[in-house]
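Here is the structure we will look at.
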Amino acid sequence: MSQAPSPSATPRHVAIIMDGNRRWAKNRFMPAALGHAAGAKRVREVVQACAEAGVTHLSLFAFSTENWKRPEDEVSSLMGLFMTYLQKEVASMNANGVRLRVLGDTQRFSEPLRELIADAQQRTAANQGITLMVCANYGGRWDMLHAVKSWQQAHPGQSLQALTEDALAPYLSTADAPEVDLLIRTGGESRVSNFLLWQAAYAELFFTDDLWPDFGADRLREAISWFGQRDRRFGSSAPL
């Protein structure tokens, strides 16, 4: 069984469920697309603040496997925004040493979008700063199921009875990243919504009423400070 990571005042891996874009727009009598655009603009500030705080990995829930159920025009707008983000931000990522990875089942995306994803990942692959993992068409259940299938494909002669947690971990989409230390959800909801279920098994959960376009560096630093005060025992019998 995998050992829990050692406690630290600074989270190595922060994951954020960026909730509230549509409500932010509705509160301003704007279409949902403008709320998503405002949320996308917030990403650079949060990535920079995480890097300055010493966070090594940042995962952002950009588009879930369930988001395909949204109205077609909103989904189309989100896909276009993702393409625009990739086109505009790669230069900034390189200038700041950010390594980009896109996690999820990208096969459902258009060919131009898949090409942009591949190009952005290749262009930032050698960067040594913070790793930004954008989770798109991602779901925690999908990730675990895909990992099991990948393990079985790599070990065709072995029974699933031989599968252990340590053996499965390299086949998860976050194989080269530490487990999630701090999971933040904006927008006032208190659930994890099928996000990094395996990886966040021992994560501290920070919920805020801030809608994502209003969530900035100050609130992020508050969440990290709160994390530093947590007594993380990982199931041990340490004194209370």
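Order determines the names: the first chain of the structure tokens is A, the second B, and so forth; residues in each chain are numbered 1 upward, and ligands are numbered 1 upward as they are shown.
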
Sort by chain and increasing residue number a table of all residues of stretch 71-122 of chain A within 10 Å of stretch 172-180 of chain A, each with its closest pair of atoms and their distance in Å to one decimal, counting only C-alpha atoms, and write it as a Markdown table.
```
| residue | atom | partner | partner_atom | distance |
| --- | --- | --- | --- | --- |
| A:Arg101 | CA | A:Thr174 | CA | 9.5 |
| A:Val102 | CA | A:Ser173 | CA | 9.3 |
| A:Leu103 | CA | A:Ser173 | CA | 6.2 |
| A:Gly104 | CA | A:Ser173 | CA | 7.4 |
| A:Asp105 | CA | A:Ser173 | CA | 9.9 |
```

Mind the document's chain letters and residue numbers, and return as a PDB file with C-alpha atoms, in the first residue's frame the residues of stretch 21-212 of chain A that DSSP labels alpha helix (DSSP H).
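Done, and the output landed in out.pdb:
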```
ATOM      1  CA  ASN A  21     -17.968  31.382 -13.963  1.00  0.00           C
ATOM      2  CA  ARG A  22     -21.585  31.191 -15.113  1.00  0.00           C
ATOM      3  CA  ARG A  23     -22.974  32.651 -11.893  1.00  0.00           C
ATOM      4  CA  TRP A  24     -20.393  35.453 -12.045  1.00  0.00           C
ATOM      5  CA  ALA A  25     -21.655  36.320 -15.518  1.00  0.00           C
ATOM      6  CA  LYS A  26     -25.325  35.984 -14.540  1.00  0.00           C
ATOM      7  CA  ASN A  27     -24.817  38.389 -11.627  1.00  0.00           C
ATOM      8  CA  ALA A  32     -22.013  32.573 -19.752  1.00  0.00           C
ATOM      9  CA  ALA A  33     -19.218  32.809 -22.330  1.00  0.00           C
ATOM     10  CA  LEU A  34     -18.003  36.068 -20.799  1.00  0.00           C
ATOM     11  CA  GLY A  35     -17.916  34.445 -17.387  1.00  0.00           C
ATOM     12  CA  HIS A  36     -15.730  31.651 -18.713  1.00  0.00           C
ATOM     13  CA  ALA A  37     -13.473  34.215 -20.404  1.00  0.00           C
ATOM     14  CA  ALA A  38     -13.131  36.135 -17.121  1.00  0.00           C
ATOM     15  CA  GLY A  39     -12.243  32.877 -15.391  1.00  0.00           C
ATOM     16  CA  ALA A  40      -9.573  32.063 -17.968  1.00  0.00           C
ATOM     17  CA  LYS A  41      -7.920  35.437 -17.337  1.00  0.00           C
ATOM     18  CA  ARG A  42      -7.616  34.551 -13.658  1.00  0.00           C
ATOM     19  CA  VAL A  43      -5.497  31.467 -14.350  1.00  0.00           C
ATOM     20  CA  ARG A  44      -2.193  33.241 -15.015  1.00  0.00           C
ATOM     21  CA  GLU A  45      -2.330  35.100 -11.677  1.00  0.00           C
ATOM     22  CA  VAL A  46      -3.056  31.915  -9.745  1.00  0.00           C
ATOM     23  CA  VAL A  47      -0.304  29.952 -11.504  1.00  0.00           C
ATOM     24  CA  GLN A  48       2.197  32.691 -10.692  1.00  0.00           C
ATOM     25  CA  ALA A  49       1.072  32.878  -7.053  1.00  0.00           C
ATOM     26  CA  CYS A  50       1.406  29.105  -6.677  1.00  0.00           C
ATOM     27  CA  ALA A  51       4.903  29.174  -8.146  1.00  0.00           C
ATOM     28  CA  GLU A  52       5.939  31.997  -5.801  1.00  0.00           C
ATOM     29  CA  ALA A  53       4.598  30.017  -2.819  1.00  0.00           C
ATOM     30  CA  GLU A  72     -24.166  22.910 -27.207  1.00  0.00           C
ATOM     31  CA  ASP A  73     -23.381  26.600 -27.661  1.00  0.00           C
ATOM     32  CA  GLU A  74     -21.738  26.765 -24.220  1.00  0.00           C
ATOM     33  CA  VAL A  75     -19.632  23.673 -24.915  1.00  0.00           C
ATOM     34  CA  SER A  76     -18.584  25.130 -28.264  1.00  0.00           C
ATOM     35  CA  SER A  77     -17.650  28.394 -26.535  1.00  0.00           C
ATOM     36  CA  LEU A  78     -15.559  26.520 -23.971  1.00  0.00           C
ATOM     37  CA  MET A  79     -13.700  24.618 -26.680  1.00  0.00           C
ATOM     38  CA  GLY A  80     -12.963  27.879 -28.486  1.00  0.00           C
ATOM     39  CA  LEU A  81     -11.772  29.477 -25.260  1.00  0.00           C
ATOM     40  CA  PHE A  82      -9.460  26.532 -24.613  1.00  0.00           C
ATOM     41  CA  MET A  83      -7.928  26.936 -28.067  1.00  0.00           C
ATOM     42  CA  THR A  84      -7.463  30.663 -27.539  1.00  0.00           C
ATOM     43  CA  TYR A  85      -5.863  30.062 -24.150  1.00  0.00           C
ATOM     44  CA  LEU A  86      -3.364  27.593 -25.597  1.00  0.00           C
ATOM     45  CA  GLN A  87      -2.479  29.946 -28.439  1.00  0.00           C
ATOM     46  CA  LYS A  88      -1.976  32.986 -26.189  1.00  0.00           C
ATOM     47  CA  GLU A  89      -0.401  31.558 -23.054  1.00  0.00           C
ATOM     48  CA  VAL A  90       2.415  29.318 -24.273  1.00  0.00           C
ATOM     49  CA  ALA A  91       4.843  32.243 -24.641  1.00  0.00           C
ATOM     50  CA  SER A  92       4.067  33.372 -21.089  1.00  0.00           C
ATOM     51  CA  MET A  93       4.478  29.825 -19.791  1.00  0.00           C
ATOM     52  CA  ASN A  94       7.903  29.552 -21.391  1.00  0.00           C
ATOM     53  CA  ALA A  95       8.952  32.939 -20.045  1.00  0.00           C
ATOM     54  CA  GLU A 111      -8.276  17.667 -34.446  1.00  0.00           C
ATOM     55  CA  PRO A 112      -7.173  21.346 -34.374  1.00  0.00           C
ATOM     56  CA  LEU A 113      -7.580  21.418 -30.583  1.00  0.00           C
ATOM     57  CA  ARG A 114      -5.667  18.159 -30.152  1.00  0.00           C
ATOM     58  CA  GLU A 115      -2.872  19.570 -32.299  1.00  0.00           C
ATOM     59  CA  LEU A 116      -2.709  22.725 -30.177  1.00  0.00           C
ATOM     60  CA  ILE A 117      -2.569  20.632 -27.012  1.00  0.00           C
ATOM     61  CA  ALA A 118       0.264  18.501 -28.372  1.00  0.00           C
ATOM     62  CA  ASP A 119       2.189  21.560 -29.555  1.00  0.00           C
ATOM     63  CA  ALA A 120       1.788  23.431 -26.250  1.00  0.00           C
ATOM     64  CA  GLN A 121       2.916  20.417 -24.243  1.00  0.00           C
ATOM     65  CA  GLN A 122       5.921  19.840 -26.503  1.00  0.00           C
ATOM     66  CA  ARG A 123       6.981  23.500 -26.394  1.00  0.00           C
ATOM     67  CA  THR A 124       6.873  23.659 -22.588  1.00  0.00           C
ATOM     68  CA  GLY A 140     -11.670  10.765 -11.506  1.00  0.00           C
ATOM     69  CA  ARG A 141     -13.607   7.592 -12.226  1.00  0.00           C
ATOM     70  CA  TRP A 142     -12.468   7.668 -15.856  1.00  0.00           C
ATOM     71  CA  ASP A 143      -8.876   8.086 -14.679  1.00  0.00           C
ATOM     72  CA  MET A 144      -9.008   5.018 -12.425  1.00  0.00           C
ATOM     73  CA  LEU A 145     -10.770   2.862 -14.993  1.00  0.00           C
ATOM     74  CA  HIS A 146      -8.341   3.922 -17.720  1.00  0.00           C
ATOM     75  CA  ALA A 147      -5.417   3.141 -15.411  1.00  0.00           C
ATOM     76  CA  VAL A 148      -6.702  -0.380 -14.700  1.00  0.00           C
ATOM     77  CA  LYS A 149      -7.181  -1.057 -18.407  1.00  0.00           C
ATOM     78  CA  SER A 150      -3.707   0.282 -19.174  1.00  0.00           C
ATOM     79  CA  TRP A 151      -2.157  -1.884 -16.448  1.00  0.00           C
ATOM     80  CA  GLN A 152      -3.915  -4.963 -17.752  1.00  0.00           C
ATOM     81  CA  GLN A 153      -2.807  -4.218 -21.303  1.00  0.00           C
ATOM     82  CA  ALA A 154       0.785  -3.930 -20.096  1.00  0.00           C
ATOM     83  CA  GLU A 165      -2.015   0.383  -5.347  1.00  0.00           C
ATOM     84  CA  ASP A 166       1.677   0.872  -6.021  1.00  0.00           C
ATOM     85  CA  ALA A 167       1.403  -1.072  -9.285  1.00  0.00           C
ATOM     86  CA  LEU A 168      -1.559   0.978 -10.492  1.00  0.00           C
TER      87      LEU A 168
END
```

*From a DSSP calculation on the backbone, collect every residue of stretch 89-240 of chain A in strand (DSSP E or B) and output the set as a PyMOL selection string.*
chain A and resi 99-103+131-138+182-185+204-207

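Atom CA of A:Leu132 lies 23.7 Å from atom CA of A:Ser190.
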
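Shortest separation to A:Val14 among A:Leu100, A:Val134, A:Leu183, A:Leu163 occurs at residue A:Leu183, atoms counted being only C-alpha atoms.
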
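Taking atom CA of A:Arg70 as the reference point, atom CA of A:Arg108 is found at 15.3 Å.
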
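Separating atom CA of A:Phe207 from atom CA of A:Arg185 is a distance of 5.0 Å.
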